[in-house]
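Here's the structure we're looking at; comments come further down.
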Amino acid sequence: YRAKAIESINNEFFQGVMSPSWYGDIDLWFSKYSFDEEVMVSLFRYCFNRSALHRNYIQAVAEAWGANKIQTWNDLDIYDQKQEKLKKIKNTIAKKLGKYNGLTQYEEAYIETWVNEYKYDLSIIEIALKRTTLRSTPSFEYINNVIKDWNDRNLRTPEQVNEFLEQRKKQNKDTKELQKQVKKESFEQRAYSNLS
């Protein structure tokens with residue numbers, strides 16, 4: 001099967017004249033990442049379609065796939081779907097924040113954490129984005145702190161987030177009322193003590 005996969009790579013991407021050094025690299029990637037034959041051919045197809053059929057790029061993609069535990073065609077399909085979803089979320093966030101030149105590498109890293117690590121979708125992220133309108137200079141750092149707080153509090157759905165925000169709003173209102181009451185009482189007490 002491996003020999004057929006290598007032959008297929010040779011014919012499809014190198015017109016049958018693949019340099020011998022590639023054979024060693026392909027063998028190494030097979031053993032290092034435990035890719036099955038379809039994944040190995042897909043690796044070359046992915047790089048070929050991006051006009052980046054050179055060793056360093058293929059190695060970087062192979063490493064990324066290996067880090068994401070891709071070994072079978074099914075693993076690769078699931079990974080592609082996640083990447084496509086992530087790309088759509090990134091584009092939507094960039095559009096909503098008016099970043100038409102695209103996001104920086106650091107901003108993308110924040111979004112990847114929200115989606116991949118915290119498992120949040122756009123419905124929750126959008127609530128955080130709306131909260132930035134209250135700030136004069138919203139930053140990704142601020143949005144990240146908001147979302148990280150929600151994750152730390154184990155808020156998993158938009159409903160839970162909205163309920164939490166309502167409770168916080170009520171607490172703030174109650175706190176302000178209490179502060180007003182305390183100020184008023186201390187003023188009245190001071191006024192009385194001045195009379196004596």
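Identifiers in this document derive from the order of the structure tokens: chains are assigned A, B, ..., residues are numbered from 1 separately in each chain, and ligands are numbered from 1 in order of occurrence.
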When you look at segment 120-133 of chain A with a cut-off of 12 Å (counting only C-alpha atoms), what residues show up, excluding the ones that are within fewer than 5 positions of it in the same chain? I need them as a PyMOL selection string. chain A and resi 82+85-98+110-115+138-151+154-165
With only C-alpha atoms as the basis for distance, which of A:Ser34, A:Ser19, A:Asn172, A:Gln179 is at the shortest distance from Trp73 of chain A? A:Ser34
If you run DSSP over the backbone, which residues in chain A end up helix (DSSP H, G or I)? Put them as a PyMOL selection string. chain A and resi 2-14+20-33+37-49+55-67+73-96+105-117+122-134+140-152+158-195
Which neighbours of Ile70 of chain A fall inside 12 Å, counting only C-alpha atoms, when residues of the same chain fewer than 2 positions from it are skipped, and could you give them as a list in words? Phe30, Lys32, Tyr33, Ser34, Phe35, Asp36, Glu38, Val39, Met40, Ser42, Leu43, Val61, Ala62, Glu63, Ala64, Trp65, Gly66, Ala67, Asn68, Thr72, Trp73, Asn74, Asp75, Leu76, Asp77, Ile78, Tyr79 and Asp80 of chain A
What's the separation between atom CA of Gln81 of chain A and atom CA of Asn116 of chain A, in Å to one decimal place?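 Interatomic distance here is 12.5 Å.
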Do you know which residues are at most 10 Å from segment 21-27 of chain A counting only C-alpha atoms, after dropping those on the same chain fewer than 3 positions away, and could you put them as a ChimeraX atom specification? /A:2-3,5-7,9-10,18,30-32,40,55,58-59
